[in-house]
Amino acid sequence: MMATLLRKLIDETRSRAPNRPALIGVSGAQGSGKSYQCKQFAASNPRVAHFSLDDVYLTKWERRGIAAARHPLFRTRSAPGTHDLDLAELTLKALTSAREDMITSQPRFNKLRDERAPEGSWPIFRGRPDSILIDGWCLGALAPEESPPINAIERQYDLDGKWRRMVREELEGRYRRFFAAFDAIVYLKAPSWETVKRWRAEQEVENLGRALTPEDHARLDRFMQHYERITRSMMAGGHCAGWVVELDAGRRVVRIEGRAQ
């Protein structure tokens with residue numbers, strides 16, 4: 001179903017703008033399968049380039065600097081403000097302007113090392129794409145409503161709401177302008193926050209190649225709290241996606257719905 005929808009959106013965009021690649025975003029909570037769906041589609045469509053917002057997280061050193069200058073919670077890769085949108089835009093510009101005889105490097109991030117991969121190891125796209133897919137957990141997110149802390153890290157480290165206000169400002173500014181460049185955004189809607197946490201734990205088992213210890217679960221729960229506010233907001237409709245794909249707890253498609261943007 002997702003492949004059919006992506007092909008439909010690409011074809012519609014290309015019919016309106018045949019002289020440039022279509023830019024399609026796929027959004028969804030952690031573990032929803034957005035990266036997998038995009039990778040599978042790109043693998044079977046060689047004219048489709050793909051990278052993730054996760055691939056343009058700021059380096060560990062850069063996040064430490066932002067944490068010192070702005071707020072300690074920016075040290076953790078997660079919320080808007082921890083991505084290198086300049087790198088994302090440079091990559092898009094390179095792909096959009098590429099000729100058939102060119103190769104374009106696409107960034108990659110090593111999550112196990114919590115660091116951007118060395119540039120020499122980045123994958124390359126050969127030629128000129130007819131479409132570009134970008135996936136991201138907060139792609140298309142609108143600034144969530146202001147409210148009291150909803151979890152332990154917000155109560156412990158952001159009781160005054162400073163970090164939450166900064167994240168809102170990021171979404172209302174630079175991120176909003178970045179999202180506006182997309183021809184279409186598809187949002188994979190999870191059924192609940194509890195399901196999202198289970199999906200992310202399954203990912204961690206796969207990444208580590210072993211069962212999670214109690215310490216792993218505690219660390220992961222703390223990590224996920226950085227994502228919780230925006231994830232909950234998006235599940236409640238706080239996004240600008242034109243298409244919503246509702247998933248059940250097994251990641252099966254329940255319904256696909258288009259909406260006016």
# chains A, B, ... in the order shown; residues from 1 in each chain; ligands from 1
call {"tool": "select_by_dssp", "arguments": {"residues": "region 64-253 of chain A", "states": "strand (DSSP E)", "output": "PyMOL selection string"}}
result
chain A and resi 103-105+109-110+115-116+124-126+131-136+184-189+243-247+253
call {"tool": "write_last_selection", "arguments": {"atoms": "N, CA and C atoms", "output": "CSV table (one decimal), in the first residue's frame"}}
result
chain,number,residue,atom,x,y,z
A,103,ILE,N,27.9,11.9,-9.2
A,103,ILE,CA,27.5,11.2,-8.1
A,103,ILE,C,27.3,12.1,-6.9
A,104,THR,N,26.4,11.8,-6.0
A,104,THR,CA,26.1,12.7,-4.9
A,104,THR,C,26.2,11.9,-3.6
A,105,SER,N,27.0,12.4,-2.7
A,105,SER,CA,27.1,11.8,-1.4
A,105,SER,C,25.8,12.1,-0.5
A,109,PHE,N,24.2,8.6,9.7
A,109,PHE,CA,24.5,8.8,11.1
A,109,PHE,C,24.6,7.4,11.8
A,110,ASN,N,25.6,7.2,12.6
A,110,ASN,CA,25.8,5.9,13.3
A,110,ASN,C,25.1,6.0,14.7
A,115,GLU,N,27.0,9.3,16.6
A,115,GLU,CA,27.9,10.2,15.9
A,115,GLU,C,27.7,10.1,14.4
A,116,ARG,N,27.8,11.2,13.7
A,116,ARG,CA,27.7,11.1,12.2
A,116,ARG,C,28.8,10.3,11.7
A,124,ILE,N,26.4,6.8,-1.9
A,124,ILE,CA,26.3,7.8,-3.0
A,124,ILE,C,25.1,7.4,-3.9
A,125,PHE,N,24.6,8.5,-4.5
A,125,PHE,CA,23.6,8.3,-5.6
A,125,PHE,C,24.2,8.7,-6.9
A,126,ARG,N,24.0,7.8,-7.9
A,126,ARG,CA,24.6,8.0,-9.2
A,126,ARG,C,23.5,8.6,-10.1
A,131,SER,N,13.0,11.5,-8.2
A,131,SER,CA,12.3,11.8,-6.9
A,131,SER,C,13.3,11.6,-5.8
A,132,ILE,N,13.0,12.3,-4.7
A,132,ILE,CA,13.8,12.2,-3.4
A,132,ILE,C,12.9,12.0,-2.3
A,133,LEU,N,13.2,10.9,-1.5
A,133,LEU,CA,12.4,10.6,-0.3
A,133,LEU,C,13.2,11.0,0.9
A,134,ILE,N,12.6,11.7,1.9
A,134,ILE,CA,13.2,11.9,3.2
A,134,ILE,C,12.3,11.5,4.2
A,135,ASP,N,12.7,10.7,5.2
A,135,ASP,CA,11.9,10.3,6.3
A,135,ASP,C,12.4,10.9,7.6
A,136,GLY,N,11.5,11.0,8.5
A,136,GLY,CA,11.9,11.6,9.8
A,136,GLY,C,10.8,11.5,10.8
A,184,ALA,N,4.9,16.7,-1.0
A,184,ALA,CA,3.9,15.9,-0.2
A,184,ALA,C,4.5,15.3,1.0
A,185,ILE,N,3.8,15.2,2.0
A,185,ILE,CA,4.2,14.5,3.3
A,185,ILE,C,3.2,13.5,3.7
A,186,VAL,N,3.7,12.2,3.9
A,186,VAL,CA,2.9,11.1,4.4
A,186,VAL,C,3.2,10.9,5.8
A,187,TYR,N,2.2,10.8,6.7
A,187,TYR,CA,2.4,10.5,8.1
A,187,TYR,C,1.9,9.1,8.5
A,188,LEU,N,2.8,8.3,9.0
A,188,LEU,CA,2.4,7.0,9.5
A,188,LEU,C,2.0,7.1,11.0
A,189,LYS,N,0.7,7.0,11.2
A,189,LYS,CA,0.2,7.2,12.6
A,189,LYS,C,0.1,6.0,13.4
A,243,TRP,N,-1.3,13.4,3.8
A,243,TRP,CA,-1.7,12.0,3.8
A,243,TRP,C,-1.4,11.3,5.1
A,244,VAL,N,-2.4,10.6,5.7
A,244,VAL,CA,-2.2,9.9,7.0
A,244,VAL,C,-2.5,8.4,6.7
A,245,VAL,N,-1.5,7.6,7.1
A,245,VAL,CA,-1.6,6.2,7.0
A,245,VAL,C,-1.7,5.6,8.5
A,246,GLU,N,-2.9,5.2,8.8
A,246,GLU,CA,-3.1,4.7,10.2
A,246,GLU,C,-2.6,3.2,10.3
A,247,LEU,N,-1.8,3.0,11.3
A,247,LEU,CA,-1.3,1.6,11.5
A,247,LEU,C,-1.9,1.0,12.8
A,253,VAL,N,-1.4,-1.6,7.8
A,253,VAL,CA,-2.2,-0.4,7.5
A,253,VAL,C,-3.7,-0.7,7.7
call {"tool": "select_by_dssp", "arguments": {"residues": "region 188-261 of chain A", "states": "alpha helix (DSSP H)", "output": "PDB file with N, CA and C atoms, in the first residue's frame"}}
result
ATOM      1  N   TRP A 193       1.093   5.867  22.268  1.00  0.00           N
ATOM      2  CA  TRP A 193       2.462   6.086  22.725  1.00  0.00           C
ATOM      3  C   TRP A 193       3.057   4.795  23.289  1.00  0.00           C
ATOM      4  N   GLU A 194       2.266   4.000  23.968  1.00  0.00           N
ATOM      5  CA  GLU A 194       2.762   2.729  24.501  1.00  0.00           C
ATOM      6  C   GLU A 194       3.220   1.814  23.373  1.00  0.00           C
ATOM      7  N   THR A 195       2.504   1.835  22.260  1.00  0.00           N
ATOM      8  CA  THR A 195       2.913   1.036  21.102  1.00  0.00           C
ATOM      9  C   THR A 195       4.233   1.538  20.544  1.00  0.00           C
ATOM     10  N   VAL A 196       4.386   2.854  20.481  1.00  0.00           N
ATOM     11  CA  VAL A 196       5.631   3.443  19.983  1.00  0.00           C
ATOM     12  C   VAL A 196       6.805   2.992  20.842  1.00  0.00           C
ATOM     13  N   LYS A 197       6.646   2.993  22.153  1.00  0.00           N
ATOM     14  CA  LYS A 197       7.735   2.558  23.039  1.00  0.00           C
ATOM     15  C   LYS A 197       8.079   1.087  22.802  1.00  0.00           C
ATOM     16  N   ARG A 198       7.064   0.269  22.568  1.00  0.00           N
ATOM     17  CA  ARG A 198       7.334  -1.152  22.289  1.00  0.00           C
ATOM     18  C   ARG A 198       8.066  -1.310  20.973  1.00  0.00           C
ATOM     19  N   TRP A 199       7.628  -0.585  19.946  1.00  0.00           N
ATOM     20  CA  TRP A 199       8.306  -0.640  18.645  1.00  0.00           C
ATOM     21  C   TRP A 199       9.766  -0.234  18.781  1.00  0.00           C
ATOM     22  N   ARG A 200      10.016   0.827  19.545  1.00  0.00           N
ATOM     23  CA  ARG A 200      11.393   1.310  19.688  1.00  0.00           C
ATOM     24  C   ARG A 200      12.246   0.301  20.453  1.00  0.00           C
ATOM     25  N   ALA A 201      11.662  -0.382  21.426  1.00  0.00           N
ATOM     26  CA  ALA A 201      12.398  -1.421  22.146  1.00  0.00           C
ATOM     27  C   ALA A 201      12.751  -2.575  21.212  1.00  0.00           C
ATOM     28  N   GLU A 202      11.840  -2.920  20.312  1.00  0.00           N
ATOM     29  CA  GLU A 202      12.125  -3.967  19.328  1.00  0.00           C
ATOM     30  C   GLU A 202      13.287  -3.552  18.424  1.00  0.00           C
ATOM     31  N   GLN A 203      13.303  -2.280  18.039  1.00  0.00           N
ATOM     32  CA  GLN A 203      14.424  -1.767  17.238  1.00  0.00           C
ATOM     33  C   GLN A 203      15.739  -1.899  17.986  1.00  0.00           C
ATOM     34  N   GLU A 204      15.713  -1.586  19.279  1.00  0.00           N
ATOM     35  CA  GLU A 204      16.938  -1.627  20.072  1.00  0.00           C
ATOM     36  C   GLU A 204      17.472  -3.052  20.176  1.00  0.00           C
ATOM     37  N   VAL A 205      16.589  -4.018  20.326  1.00  0.00           N
ATOM     38  CA  VAL A 205      17.005  -5.421  20.348  1.00  0.00           C
ATOM     39  C   VAL A 205      17.702  -5.778  19.041  1.00  0.00           C
ATOM     40  N   GLU A 206      17.118  -5.328  17.930  1.00  0.00           N
ATOM     41  CA  GLU A 206      17.716  -5.603  16.619  1.00  0.00           C
ATOM     42  C   GLU A 206      19.066  -4.912  16.472  1.00  0.00           C
ATOM     43  N   ASN A 207      19.146  -3.654  16.927  1.00  0.00           N
ATOM     44  CA  ASN A 207      20.396  -2.900  16.803  1.00  0.00           C
ATOM     45  C   ASN A 207      21.520  -3.523  17.629  1.00  0.00           C
ATOM     46  N   LEU A 208      21.183  -3.958  18.851  1.00  0.00           N
ATOM     47  CA  LEU A 208      22.198  -4.495  19.758  1.00  0.00           C
ATOM     48  C   LEU A 208      22.483  -5.966  19.517  1.00  0.00           C
ATOM     49  N   PRO A 214      17.446  -4.797  32.205  1.00  0.00           N
ATOM     50  CA  PRO A 214      16.684  -3.753  32.901  1.00  0.00           C
ATOM     51  C   PRO A 214      17.330  -2.374  32.758  1.00  0.00           C
ATOM     52  N   GLU A 215      18.666  -2.337  32.757  1.00  0.00           N
ATOM     53  CA  GLU A 215      19.357  -1.061  32.577  1.00  0.00           C
ATOM     54  C   GLU A 215      19.117  -0.498  31.175  1.00  0.00           C
ATOM     55  N   ASP A 216      19.100  -1.384  30.175  1.00  0.00           N
ATOM     56  CA  ASP A 216      18.806  -0.951  28.806  1.00  0.00           C
ATOM     57  C   ASP A 216      17.406  -0.346  28.721  1.00  0.00           C
ATOM     58  N   HIS A 217      16.444  -1.013  29.350  1.00  0.00           N
ATOM     59  CA  HIS A 217      15.062  -0.518  29.319  1.00  0.00           C
ATOM     60  C   HIS A 217      14.964   0.853  29.986  1.00  0.00           C
ATOM     61  N   ALA A 218      15.656   1.033  31.105  1.00  0.00           N
ATOM     62  CA  ALA A 218      15.622   2.319  31.803  1.00  0.00           C
ATOM     63  C   ALA A 218      16.256   3.416  30.954  1.00  0.00           C
ATOM     64  N   ARG A 219      17.390   3.097  30.334  1.00  0.00           N
ATOM     65  CA  ARG A 219      18.061   4.075  29.464  1.00  0.00           C
ATOM     66  C   ARG A 219      17.186   4.439  28.277  1.00  0.00           C
ATOM     67  N   LEU A 220      16.553   3.431  27.667  1.00  0.00           N
ATOM     68  CA  LEU A 220      15.710   3.680  26.503  1.00  0.00           C
ATOM     69  C   LEU A 220      14.478   4.500  26.878  1.00  0.00           C
ATOM     70  N   ASP A 221      13.897   4.209  28.034  1.00  0.00           N
ATOM     71  CA  ASP A 221      12.728   4.972  28.477  1.00  0.00           C
ATOM     72  C   ASP A 221      13.083   6.444  28.665  1.00  0.00           C
ATOM     73  N   ARG A 222      14.232   6.690  29.239  1.00  0.00           N
ATOM     74  CA  ARG A 222      14.675   8.074  29.429  1.00  0.00           C
ATOM     75  C   ARG A 222      14.915   8.743  28.076  1.00  0.00           C
ATOM     76  N   PHE A 223      15.552   8.032  27.164  1.00  0.00           N
ATOM     77  CA  PHE A 223      15.821   8.563  25.824  1.00  0.00           C
ATOM     78  C   PHE A 223      14.515   8.918  25.112  1.00  0.00           C
ATOM     79  N   MET A 224      13.524   8.034  25.196  1.00  0.00           N
ATOM     80  CA  MET A 224      12.260   8.241  24.495  1.00  0.00           C
ATOM     81  C   MET A 224      11.489   9.444  25.021  1.00  0.00           C
ATOM     82  N   GLN A 225      11.728   9.832  26.258  1.00  0.00           N
ATOM     83  CA  GLN A 225      11.012  10.978  26.815  1.00  0.00           C
ATOM     84  C   GLN A 225      11.341  12.276  26.078  1.00  0.00           C
ATOM     85  N   HIS A 226      12.504  12.351  25.435  1.00  0.00           N
ATOM     86  CA  HIS A 226      12.845  13.530  24.639  1.00  0.00           C
ATOM     87  C   HIS A 226      11.914  13.679  23.432  1.00  0.00           C
ATOM     88  N   TYR A 227      11.341  12.562  22.992  1.00  0.00           N
ATOM     89  CA  TYR A 227      10.498  12.530  21.792  1.00  0.00           C
ATOM     90  C   TYR A 227       9.000  12.576  22.117  1.00  0.00           C
ATOM     91  N   GLU A 228       8.670  12.361  23.377  1.00  0.00           N
ATOM     92  CA  GLU A 228       7.278  12.076  23.727  1.00  0.00           C
ATOM     93  C   GLU A 228       6.323  13.212  23.398  1.00  0.00           C
ATOM     94  N   ARG A 229       6.656  14.433  23.766  1.00  0.00           N
ATOM     95  CA  ARG A 229       5.714  15.544  23.594  1.00  0.00           C
ATOM     96  C   ARG A 229       5.327  15.732  22.124  1.00  0.00           C
ATOM     97  N   ILE A 230       6.313  15.782  21.247  1.00  0.00           N
ATOM     98  CA  ILE A 230       6.009  16.006  19.831  1.00  0.00           C
ATOM     99  C   ILE A 230       5.328  14.785  19.226  1.00  0.00           C
ATOM    100  N   THR A 231       5.758  13.586  19.618  1.00  0.00           N
ATOM    101  CA  THR A 231       5.125  12.372  19.095  1.00  0.00           C
ATOM    102  C   THR A 231       3.650  12.328  19.460  1.00  0.00           C
ATOM    103  N   ARG A 232       3.326  12.612  20.706  1.00  0.00           N
ATOM    104  CA  ARG A 232       1.921  12.629  21.126  1.00  0.00           C
ATOM    105  C   ARG A 232       1.140  13.704  20.373  1.00  0.00           C
ATOM    106  N   SER A 233       1.751  14.866  20.205  1.00  0.00           N
ATOM    107  CA  SER A 233       1.084  15.955  19.487  1.00  0.00           C
ATOM    108  C   SER A 233       0.783  15.566  18.047  1.00  0.00           C
ATOM    109  N   MET A 234       1.747  14.921  17.384  1.00  0.00           N
ATOM    110  CA  MET A 234       1.533  14.512  15.997  1.00  0.00           C
ATOM    111  C   MET A 234       0.440  13.450  15.895  1.00  0.00           C
ATOM    112  N   MET A 235       0.409  12.514  16.839  1.00  0.00           N
ATOM    113  CA  MET A 235      -0.642  11.494  16.818  1.00  0.00           C
ATOM    114  C   MET A 235      -2.024  12.115  16.994  1.00  0.00           C
TER     115      MET A 235
END
call {"tool": "atom_distance", "arguments": {"atom1": "CA of Arg255 (chain A)", "atom2": "CA of Met2 (chain A)"}}
result
11.1 Å
call {"tool": "residues_around", "arguments": {"residues": "region 161-163 of chain A", "least_positions_apart": "5", "cutoff": "12 Å", "atoms": "only C-alpha atoms", "output": "compact mmCIF listing (two decimals) with N, CA and C atoms, in the first residue's frame"}}
result
# COMPACT_ATOMS: atom_id res chain seq x y z
N ILE A 66 25.77 23.25 21.74
CA ILE A 66 24.42 23.80 21.85
C ILE A 66 23.87 23.60 23.26
N ALA A 67 24.17 22.44 23.84
CA ALA A 67 23.72 22.18 25.21
C ALA A 67 24.31 23.19 26.18
N ALA A 69 25.37 26.24 25.41
CA ALA A 69 24.94 27.60 25.09
C ALA A 69 23.44 27.83 25.29
N ARG A 70 22.64 26.77 25.10
CA ARG A 70 21.19 26.97 25.10
C ARG A 70 20.48 26.22 26.22
N HIS A 71 20.57 24.88 26.20
CA HIS A 71 19.90 24.08 27.23
C HIS A 71 20.51 22.68 27.24
N PRO A 72 20.74 22.10 28.43
CA PRO A 72 21.38 20.78 28.50
C PRO A 72 20.65 19.67 27.74
N LEU A 73 19.34 19.76 27.57
CA LEU A 73 18.61 18.69 26.89
C LEU A 73 18.92 18.62 25.40
N PHE A 74 19.52 19.66 24.84
CA PHE A 74 19.91 19.61 23.43
C PHE A 74 21.13 18.71 23.21
N ARG A 75 21.71 18.21 24.28
CA ARG A 75 22.86 17.31 24.12
C ARG A 75 22.42 15.96 23.52
N ALA A 79 15.09 16.22 19.59
CA ALA A 79 14.12 17.25 19.25
C ALA A 79 14.62 18.18 18.15
N PRO A 80 13.70 18.88 17.50
CA PRO A 80 14.10 19.95 16.58
C PRO A 80 15.08 20.89 17.27
N GLY A 81 16.14 21.20 16.56
CA GLY A 81 17.25 21.96 17.13
C GLY A 81 18.50 21.11 17.22
N GLU A 145 1.14 22.33 21.64
CA GLU A 145 0.58 23.27 22.61
C GLU A 145 1.47 23.34 23.84
N GLU A 146 1.54 24.54 24.43
CA GLU A 146 2.26 24.68 25.68
C GLU A 146 1.45 24.01 26.79
N SER A 147 2.16 23.30 27.65
CA SER A 147 1.49 22.62 28.76
C SER A 147 2.53 22.29 29.82
N PRO A 148 2.11 21.93 31.02
CA PRO A 148 3.06 21.54 32.06
C PRO A 148 3.87 20.32 31.64
N PRO A 149 4.94 20.01 32.36
CA PRO A 149 5.76 18.83 32.05
C PRO A 149 4.92 17.56 31.99
N ILE A 150 5.25 16.67 31.04
CA ILE A 150 4.48 15.44 30.87
C ILE A 150 5.27 14.19 31.24
N ILE A 153 11.89 13.68 32.51
CA ILE A 153 12.98 14.59 32.12
C ILE A 153 12.48 16.02 32.03
N GLU A 154 11.23 16.22 31.62
CA GLU A 154 10.71 17.59 31.60
C GLU A 154 10.55 18.14 33.02
N ARG A 155 10.12 17.30 33.94
CA ARG A 155 9.99 17.75 35.33
C ARG A 155 11.34 18.01 35.97
N GLN A 156 12.33 17.18 35.64
CA GLN A 156 13.63 17.30 36.29
C GLN A 156 14.52 18.36 35.66
N ARG A 168 9.70 24.68 20.36
CA ARG A 168 8.58 25.29 19.64
C ARG A 168 9.08 26.33 18.64
N GLU A 169 10.03 27.14 19.07
CA GLU A 169 10.57 28.18 18.18
C GLU A 169 11.26 27.56 16.98
N GLU A 170 11.96 26.44 17.19
CA GLU A 170 12.60 25.75 16.06
C GLU A 170 11.54 25.28 15.07
N HIS A 226 12.50 12.35 25.44
CA HIS A 226 12.84 13.53 24.64
C HIS A 226 11.91 13.68 23.43
N ARG A 229 6.66 14.43 23.77
CA ARG A 229 5.71 15.54 23.59
C ARG A 229 5.33 15.73 22.12
call {"tool": "closest_residue", "arguments": {"among": "A:Ala68, A:Cys38, A:Ala211, A:Leu95", "to": "Arg20 (chain A)", "atoms": "only C-alpha atoms"}}
result
A:Leu95
call {"tool": "atom_distance", "arguments": {"atom1": "CA of Ser27 (chain A)", "atom2": "CA of Val48 (chain A)"}}
result
17.3 Å
call {"tool": "closest_residue", "arguments": {"among": "A:Lys8, A:His83, A:Arg251, A:Lys93", "to": "Val167 (chain A)", "atoms": "only C-alpha atoms"}}
result
A:His83
call {"tool": "atom_distance", "arguments": {"atom1": "CA of Arg176 (chain A)", "atom2": "CA of Phe41 (chain A)"}}
result
26.1 Å
